[in-house]
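Undergrad: Contents are compact mmCIF, C-alpha atoms (C1' of nucleotides); file name coords-v5.txt:
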# COMPACT_ATOMS: atom_id res chain seq x y z
CA MET A 50 97.02 88.21 100.63
CA THR A 51 97.05 86.40 97.35
CA ARG A 52 95.03 83.33 98.10
CA LYS A 53 94.15 80.34 96.01
CA GLN A 54 90.75 80.97 97.51
CA ASN A 55 89.45 82.57 94.34
CA SER A 56 89.78 79.39 92.41
CA THR A 57 87.09 78.00 94.62
CA TYR A 58 84.36 80.06 93.05
CA SER A 59 85.66 82.07 90.17
CA SER A 60 84.18 79.87 87.50
CA ASN A 61 80.56 80.31 88.50
CA GLU A 62 78.49 83.43 87.86
CA LYS A 63 76.50 82.91 91.01
CA TYR A 64 79.55 83.51 93.11
CA LEU A 65 80.52 86.78 91.50
CA VAL A 66 79.05 88.98 94.18
CA ALA A 67 80.86 87.23 96.96
CA CYS A 68 83.95 87.28 94.83
CA ASP A 69 83.97 91.06 94.37
CA LEU A 70 83.16 91.39 98.01
CA THR A 71 86.01 89.19 99.04
CA TYR A 72 88.25 91.20 96.79
CA ALA A 73 87.14 94.40 98.52
CA LEU A 74 87.43 93.03 102.00
CA GLN A 75 90.91 91.75 101.39
CA LYS A 76 92.00 95.28 100.66
CA ILE A 77 90.84 96.63 103.98
CA HIS A 78 91.76 93.57 105.97
CA GLY A 79 94.45 94.16 108.53
CA ARG A 80 94.64 95.41 112.04
CA TRP A 81 95.61 98.99 111.23
CA LYS A 82 94.36 99.68 107.73
CA LEU A 83 90.98 101.05 108.64
CA GLN A 84 92.44 103.30 111.26
CA ILE A 85 94.98 104.54 108.76
CA LEU A 86 92.21 105.19 106.25
CA ASP A 87 90.34 107.05 108.96
CA LYS A 88 93.30 109.25 109.84
CA LEU A 89 94.17 110.10 106.26
CA LYS A 90 90.58 111.14 105.59
CA ASP A 91 91.44 114.45 107.24
CA GLY A 92 94.50 115.09 105.11
CA ARG A 93 97.94 113.86 104.19
CA LEU A 94 100.24 112.74 106.96
CA ARG A 95 103.92 111.93 107.37
CA TYR A 96 105.25 108.61 108.52
CA ASN A 97 105.96 109.73 112.06
CA GLU A 98 102.69 111.61 112.31
CA LEU A 99 100.89 108.38 111.58
CA ARG A 100 103.07 106.57 114.03
CA ARG A 101 102.13 108.99 116.77
CA GLU A 102 98.44 108.54 116.02
CA PHE A 103 98.67 104.85 116.87
CA SER A 104 100.91 104.76 119.85
CA HIS A 105 100.94 100.96 119.95
CA ILE A 106 101.89 100.24 116.39
CA THR A 107 105.38 98.97 115.65
CA GLU A 108 107.43 100.52 112.87
CA ARG A 109 107.47 97.22 111.10
CA MET A 110 103.71 96.93 111.06
CA LEU A 111 103.12 100.52 110.04
CA THR A 112 105.49 100.06 107.12
CA LEU A 113 103.96 96.73 106.14
CA GLN A 114 100.41 98.02 106.20
CA LEU A 115 101.30 101.18 104.33
CA ARG A 116 103.13 99.19 101.66
CA SER A 117 100.21 96.85 101.33
CA MET A 118 97.72 99.67 101.01
CA GLU A 119 99.94 101.45 98.51
CA HIS A 120 100.15 98.26 96.50
CA ASP A 121 96.36 97.97 96.62
CA GLY A 122 95.98 101.52 95.36
CA LEU A 123 94.40 102.84 98.54
CA ILE A 124 97.06 105.33 99.46
CA SER A 125 99.72 107.33 97.67
CA ARG A 126 103.23 107.80 98.92
CA THR A 127 105.20 110.91 98.12
CA VAL A 128 108.87 111.38 98.90
CA TYR A 129 110.25 114.89 99.14
CA ALA A 130 113.97 115.07 98.47
CA GLU A 131 114.81 117.13 101.48
CA VAL A 132 117.22 116.66 104.35
CA PRO A 133 116.04 115.01 106.40
CA VAL A 134 113.78 113.06 104.06
CA ARG A 135 110.08 113.80 104.20
CA VAL A 136 107.47 111.23 103.19
CA GLU A 137 103.77 111.92 103.01
CA TYR A 138 100.87 109.52 102.69
CA GLY A 139 97.43 110.38 101.33
CA LEU A 140 94.26 108.67 100.17
CA THR A 141 93.71 107.84 96.53
CA GLU A 142 90.40 108.52 94.83
CA ILE A 143 89.43 104.91 95.18
CA ALA A 144 90.01 104.97 98.91
CA THR A 145 87.92 108.11 99.23
CA GLU A 146 84.99 106.37 97.55
CA LEU A 147 85.21 103.77 100.23
CA GLY A 148 84.33 106.30 102.93
CA PRO A 149 80.51 106.34 102.71
CA ILE A 150 80.33 102.57 102.42
CA LEU A 151 82.47 102.04 105.45
CA ASN A 152 80.32 104.51 107.34
CA GLN A 153 77.27 102.38 106.65
CA LEU A 154 79.02 99.24 107.74
CA SER A 155 80.11 101.15 110.77
CA LEU A 156 76.52 102.10 111.59
CA TRP A 157 75.51 98.48 111.25
CA GLY A 158 78.28 97.59 113.65
CA ARG A 159 77.22 100.22 116.13
CA LYS A 160 73.62 99.02 116.02
CA GLN A 161 74.74 95.53 116.88
CA ARG A 162 77.03 96.66 119.62
CA GLN A 163 74.21 98.51 121.31
CA LYS A 164 72.02 95.45 121.28
CA ALA A 165 74.81 93.34 122.70
CA MET B 173 88.30 86.76 117.34
CA THR B 174 88.32 88.43 120.69
CA ARG B 175 91.29 90.71 120.45
CA LYS B 176 92.87 93.03 122.94
CA GLN B 177 92.98 95.26 119.90
CA ASN B 178 90.07 97.34 121.08
CA SER B 179 91.95 98.67 124.03
CA THR B 180 94.14 100.47 121.58
CA TYR B 181 91.50 102.96 120.64
CA SER B 182 88.41 102.53 122.71
CA SER B 183 89.13 105.45 124.97
CA ASN B 184 89.02 108.14 122.32
CA GLU B 185 85.86 109.44 120.66
CA LYS B 186 87.70 110.09 117.42
CA TYR B 187 88.24 106.40 116.94
CA LEU B 188 84.63 105.40 117.37
CA VAL B 189 83.87 105.04 113.69
CA ALA B 190 86.80 102.77 113.06
CA CYS B 191 85.86 100.92 116.20
CA ASP B 192 82.31 100.13 115.09
CA LEU B 193 83.68 99.29 111.72
CA THR B 194 86.23 96.92 113.15
CA TYR B 195 83.47 95.35 115.16
CA ALA B 196 81.44 94.84 112.01
CA LEU B 197 84.32 93.52 109.97
CA GLN B 198 85.27 91.03 112.61
CA LYS B 199 81.86 89.46 112.27
CA ILE B 200 82.20 88.83 108.57
CA HIS B 201 85.88 87.95 108.68
CA GLY B 202 86.66 84.43 107.68
CA ARG B 203 87.22 82.56 104.50
CA TRP B 204 83.73 81.15 104.10
CA LYS B 205 81.42 83.47 106.01
CA LEU B 206 80.51 85.74 103.15
CA GLN B 207 79.82 82.83 100.89
CA ILE B 208 77.65 81.27 103.57
CA LEU B 209 75.78 84.53 103.98
CA ASP B 210 75.31 84.62 100.23
CA LYS B 211 73.91 81.10 100.07
CA LEU B 212 71.53 81.53 102.97
CA LYS B 213 70.13 84.70 101.38
CA ASP B 214 68.01 82.46 99.19
CA GLY B 215 66.58 80.44 102.03
CA ARG B 216 67.39 78.11 104.85
CA LEU B 217 69.77 75.25 104.19
CA ARG B 218 70.83 72.06 105.91
CA TYR B 219 74.35 71.24 106.94
CA ASN B 220 75.05 68.94 104.06
CA GLU B 221 73.35 71.25 101.59
CA LEU B 222 75.78 73.96 102.58
CA ARG B 223 78.64 71.52 102.37
CA ARG B 224 77.72 70.64 98.83
CA GLU B 225 77.60 74.32 97.86
CA PHE B 226 81.25 74.70 98.74
CA SER B 227 82.84 71.59 97.46
CA HIS B 228 86.24 72.49 98.87
CA ILE B 229 85.26 73.24 102.44
CA THR B 230 86.18 70.76 105.12
CA GLU B 231 83.61 69.66 107.65
CA ARG B 232 85.73 71.16 110.37
CA MET B 233 85.81 74.60 108.77
CA LEU B 234 82.11 74.61 107.92
CA THR B 235 81.30 73.79 111.51
CA LEU B 236 83.70 76.37 112.88
CA GLN B 237 82.43 79.16 110.69
CA LEU B 238 78.80 78.29 111.33
CA ARG B 239 79.40 78.22 115.08
CA SER B 240 81.18 81.54 114.93
CA MET B 241 78.43 83.16 112.91
CA GLU B 242 75.81 81.73 115.20
CA HIS B 243 77.68 83.13 118.17
CA ASP B 244 77.82 86.51 116.43
CA GLY B 245 74.09 86.46 115.83
CA LEU B 246 74.33 86.26 112.06
CA ILE B 247 72.66 82.92 111.57
CA SER B 248 70.18 80.79 113.44
CA ARG B 249 70.49 77.06 113.90
CA THR B 250 67.43 74.87 114.20
CA VAL B 251 67.51 71.22 115.11
CA TYR B 252 64.57 69.03 114.17
CA ALA B 253 64.20 65.96 116.36
CA GLU B 254 63.79 63.54 113.53
CA VAL B 255 65.59 60.39 112.56
CA PRO B 256 68.01 61.00 111.09
CA VAL B 257 68.56 64.40 112.64
CA ARG B 258 67.87 67.45 110.52
CA VAL B 259 69.59 70.76 111.15
CA GLU B 260 68.78 73.95 109.29
CA TYR B 261 70.63 77.21 109.14
CA GLY B 262 69.11 80.58 108.25
CA LEU B 263 69.92 84.26 108.37
CA THR B 264 68.94 86.40 111.32
CA GLU B 265 67.38 89.81 110.83
CA ILE B 266 70.69 91.44 111.54
CA ALA B 267 72.41 89.44 108.85
CA THR B 268 69.70 90.34 106.37
CA GLU B 269 70.31 94.04 106.99
CA LEU B 270 73.87 93.44 105.99
CA GLY B 271 72.88 92.50 102.45
CA PRO B 272 72.58 95.94 100.81
CA ILE B 273 75.74 97.18 102.45
CA LEU B 274 77.73 94.22 101.28
CA ASN B 275 76.34 94.73 97.81
CA GLN B 276 77.76 98.24 97.75
CA LEU B 277 81.10 97.07 98.96
CA SER B 278 80.91 94.43 96.31
CA LEU B 279 80.31 97.03 93.61
CA TRP B 280 83.30 98.98 94.86
CA GLY B 281 85.34 95.82 94.63
CA ARG B 282 84.16 95.11 91.11
CA LYS B 283 85.01 98.62 90.02
CA GLN B 284 88.53 98.20 91.25
CA ARG B 285 88.94 94.80 89.69
CA GLN B 286 87.97 96.14 86.31
CA LYS B 287 90.57 98.88 86.56
CA ALA B 288 93.22 96.40 87.56
C1' DC C 84 113.26 110.93 109.68
C1' DT C 85 111.96 106.82 107.53
C1' DG C 86 112.48 102.93 107.43
C1' DT C 87 114.88 97.21 107.41
C1' DA C 88 116.34 92.85 109.55
C1' DT C 89 115.72 89.15 112.57
C1' DC C 90 113.38 86.22 115.37
C1' DC C 91 109.23 84.48 117.56
C1' DA C 92 104.23 83.61 118.98
C1' DC C 93 99.58 83.25 117.72
C1' DT C 94 95.80 82.38 114.72
C1' DG C 95 93.29 80.73 110.81
C1' DT C 96 92.93 77.12 107.80
C1' DG C 97 93.38 72.48 106.25
C1' DA C 98 93.94 67.00 106.14
C1' DT C 99 92.55 63.10 108.10
C1' DA C 100 90.20 60.08 110.97
C1' DC C 101 86.49 59.13 113.94
C1' DT C 102 81.35 59.37 116.34
C1' DG C 103 76.27 59.62 118.21
C1' DC D 53 73.09 63.13 108.92
C1' DA D 54 75.74 66.29 111.37
C1' DG D 55 79.20 66.82 113.35
C1' DT D 56 84.33 66.22 116.80
C1' DA D 57 89.23 65.22 117.64
C1' DT D 58 93.88 65.61 116.52
C1' DC D 59 97.80 67.14 114.14
C1' DA D 60 100.17 70.26 111.08
C1' DC D 61 101.44 74.44 108.67
C1' DA D 62 101.68 79.07 106.57
C1' DG D 63 100.61 83.74 107.13
C1' DT D 64 100.29 87.66 110.08
C1' DG D 65 101.42 90.52 113.76
C1' DG D 66 104.79 91.83 117.23
C1' DA D 67 109.50 92.99 119.92
C1' DT D 68 113.76 94.49 119.40
C1' DA D 69 117.75 96.07 117.23
C1' DC D 70 119.92 98.27 113.47
C1' DA D 71 120.56 101.49 109.05
C1' DG D 72 120.69 105.15 105.14
If you took the structure in this file and wrote it as structure tokens, what would it be?

TA:
Amino acid sequence: MTRKQNSTYSSNEKYLVACDLTYALQKIHGRWKLQILDKLKDGRLRYNELRREFSHITERMLTLQLRSMEHDGLISRTVYAEVPVRVEYGLTEIATELGPILNQLSLWGRKQRQKA
Amino acid sequence: MTRKQNSTYSSNEKYLVACDLTYALQKIHGRWKLQILDKLKDGRLRYNELRREFSHITERMLTLQLRSMEHDGLISRTVYAEVPVRVEYGLTEIATELGPILNQLSLWGRKQRQKA
DNA sequence: CTGTATCCACTGTGATACTG
DNA sequence: CAGTATCACAGTGGATACAG
């Protein structure tokens, strides 16, 4: 996730666009992240609710991706001190702003898929 | 690049957005692709011209990424039967349409970087 | 319920050398 | 000039079992 890659082009103004872009893409890069973002768009979900949404995901991967997204400020994690424990995940403001952009990219993708 | 991943969620309408999106993201996924896209925005370039733009790229990687992008319909490759051989790469229409979208994503990325 | 720990396979990237 | 071939390695994703 933290690559030396940035050193390749961080010193030159001309590369700034690609640099921001790379920064953005790194945050949504991962097999499950976009699907998680998509699910949480409709409201906060618990760990096991998410797990059920993606029947093929392993616990390990769900945890890893959630941690990563939390670290990147895309989702918020709330623990309720109940018994048994309840944990809810929701989108942050920043992740919500991503919605429209991803929709456009999605449309671009659909357009290409239809041609192919 | 060709993942079984799609089988995970191709059967359900609700996943279509993420599916198109994944499709799109796969096409621009790779360490150098965005930078290549960025360079070619300003006009067609030859193999060695591209190589010089990214001083750290290996010939192997440049070739691999170019081939992949060509296969994905993002760039076009033209060979001129001269001596020595001349090969030029340029953006396809589809890749050009990607520009504005990537700019938005880029702005989102910049916004986040400034906060962090 | 919400995770961690361990082990393993695959993939992307890179270094280096070589070619028509 | 414009690539290929070969080897190597780290990161990522996955299967399975275990834990607070």

Undergrad: Would you mind telling me which residue in B:Leu217, B:Gly245, B:Lys211, B:Pro256 lies nearest to chain C when using all atoms listed in the file?

TA: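 Between B:Leu217, B:Gly245, B:Lys211, B:Pro256, the residue approaching chain C most closely is B:Pro256.
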
Undergrad: Please check the contacts: residues of chain B at most 12 Å away from chain C, using only C-alpha atoms (C1' of nucleotides), listed as a PyMOL selection string.

TA: chain B and resi 173-175+201-204+228-234+236-237+256-257

Undergrad: For a quick check of your reading of the model, name the residues lying within 12 Å of the coordinate (98.2, 98.6, 88.9), counting only C-alpha atoms (C1' of nucleotides), and write them as a PyMOL selection string.

TA: (chain A and resi 119-123) or (chain B and resi 284-288)

Undergrad: Please identify all residues of chain A having at least one atom at most 10 Å from any atom of chain B, considering only C-alpha atoms, and return them as a ChimeraX atom specification.

TA: /A:54,57-58,63-88,103-106,121-122,143-144,146-147,149-162,165

Undergrad: For the selection just defined, write its residues with C-alpha atoms to a file, as an mmCIF file, in the coordinates of the input.

TA:
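File written: result-v2.cif
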data_model
loop_
_atom_site.group_PDB
_atom_site.id
_atom_site.type_symbol
_atom_site.label_atom_id
_atom_site.label_comp_id
_atom_site.auth_asym_id
_atom_site.auth_seq_id
_atom_site.Cartn_x
_atom_site.Cartn_y
_atom_site.Cartn_z
ATOM 1 C CA GLN A 54 90.750 80.970 97.510
ATOM 2 C CA THR A 57 87.090 78.000 94.620
ATOM 3 C CA TYR A 58 84.360 80.060 93.050
ATOM 4 C CA LYS A 63 76.500 82.910 91.010
ATOM 5 C CA TYR A 64 79.550 83.510 93.110
ATOM 6 C CA LEU A 65 80.520 86.780 91.500
ATOM 7 C CA VAL A 66 79.050 88.980 94.180
ATOM 8 C CA ALA A 67 80.860 87.230 96.960
ATOM 9 C CA CYS A 68 83.950 87.280 94.830
ATOM 10 C CA ASP A 69 83.970 91.060 94.370
ATOM 11 C CA LEU A 70 83.160 91.390 98.010
ATOM 12 C CA THR A 71 86.010 89.190 99.040
ATOM 13 C CA TYR A 72 88.250 91.200 96.790
ATOM 14 C CA ALA A 73 87.140 94.400 98.520
ATOM 15 C CA LEU A 74 87.430 93.030 102.000
ATOM 16 C CA GLN A 75 90.910 91.750 101.390
ATOM 17 C CA LYS A 76 92.000 95.280 100.660
ATOM 18 C CA ILE A 77 90.840 96.630 103.980
ATOM 19 C CA HIS A 78 91.760 93.570 105.970
ATOM 20 C CA GLY A 79 94.450 94.160 108.530
ATOM 21 C CA ARG A 80 94.640 95.410 112.040
ATOM 22 C CA TRP A 81 95.610 98.990 111.230
ATOM 23 C CA LYS A 82 94.360 99.680 107.730
ATOM 24 C CA LEU A 83 90.980 101.050 108.640
ATOM 25 C CA GLN A 84 92.440 103.300 111.260
ATOM 26 C CA ILE A 85 94.980 104.540 108.760
ATOM 27 C CA LEU A 86 92.210 105.190 106.250
ATOM 28 C CA ASP A 87 90.340 107.050 108.960
ATOM 29 C CA LYS A 88 93.300 109.250 109.840
ATOM 30 C CA PHE A 103 98.670 104.850 116.870
ATOM 31 C CA SER A 104 100.910 104.760 119.850
ATOM 32 C CA HIS A 105 100.940 100.960 119.950
ATOM 33 C CA ILE A 106 101.890 100.240 116.390
ATOM 34 C CA ASP A 121 96.360 97.970 96.620
ATOM 35 C CA GLY A 122 95.980 101.520 95.360
ATOM 36 C CA ILE A 143 89.430 104.910 95.180
ATOM 37 C CA ALA A 144 90.010 104.970 98.910
ATOM 38 C CA GLU A 146 84.990 106.370 97.550
ATOM 39 C CA LEU A 147 85.210 103.770 100.230
ATOM 40 C CA PRO A 149 80.510 106.340 102.710
ATOM 41 C CA ILE A 150 80.330 102.570 102.420
ATOM 42 C CA LEU A 151 82.470 102.040 105.450
ATOM 43 C CA ASN A 152 80.320 104.510 107.340
ATOM 44 C CA GLN A 153 77.270 102.380 106.650
ATOM 45 C CA LEU A 154 79.020 99.240 107.740
ATOM 46 C CA SER A 155 80.110 101.150 110.770
ATOM 47 C CA LEU A 156 76.520 102.100 111.590
ATOM 48 C CA TRP A 157 75.510 98.480 111.250
ATOM 49 C CA GLY A 158 78.280 97.590 113.650
ATOM 50 C CA ARG A 159 77.220 100.220 116.130
ATOM 51 C CA LYS A 160 73.620 99.020 116.020
ATOM 52 C CA GLN A 161 74.740 95.530 116.880
ATOM 53 C CA ARG A 162 77.030 96.660 119.620
ATOM 54 C CA ALA A 165 74.810 93.340 122.700
#

Undergrad: Taking all atoms listed in the file into account, which of D:DA67, D:DC53, D:DT58, D:DG72 comes nearest chain B?

TA: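 Looking only at the distances to chain B, the closest residue turns out to be D:DC53.
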
Undergrad: So that I can check the surroundings of Thr250 of chain B, please list as an MDAnalysis selection string every protein, DNA and RNA residue that reaches within 10 Å of it, counting all atoms listed in the file and ignoring chain neighbours fewer than 6 positions away.

TA: chainID B and resid 216 218 258:262

Undergrad: Per residue of chain D within 9 Å of chain A, note the shortest atom pair and the distance in Å to one decimal, counting all atoms listed in the file, and order the rows by chain and increasing residue number, as a tab-separated table.

TA:
residue	atom	partner	partner_atom	distance
D:DG63	C1'	A:Met50	CA	8.7
D:DT64	C1'	A:Gly79	CA	8.9
D:DG65	C1'	A:Met110	CA	7.3
D:DG66	C1'	A:Thr107	CA	7.3
D:DA67	C1'	A:Thr107	CA	8.4

Undergrad: Just give me the gap between atom CA of Arg116 of chain A and atom CA of Tyr96 of chain A in Å, one decimal is fine.

TA: 11.8 Å

Undergrad: For atom CA of Leu222 of chain B and atom CA of Arg249 of chain B, quote the distance in Å rounded to one decimal.

TA: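 Computed distance, atom CA of Leu222 of chain B to atom CA of Arg249 of chain B, equals 12.9 Å.
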
Undergrad: What's the separation between atom C1' of DT56 of chain D and atom CA of Leu212 of chain B, in Å to one decimal place?

TA: 24.3 Å

Undergrad: Quick one: what's the axis-aligned box for segment 88-103 of chain C, all listed atoms, 3 Å on every side, centre and edges in Å to one decimal, as AutoDock Vina command-line options?

TA:
--center_x 96.3 --center_y 76.0 --center_z 112.6 --size_x 46.1 --size_y 39.7 --size_z 18.8
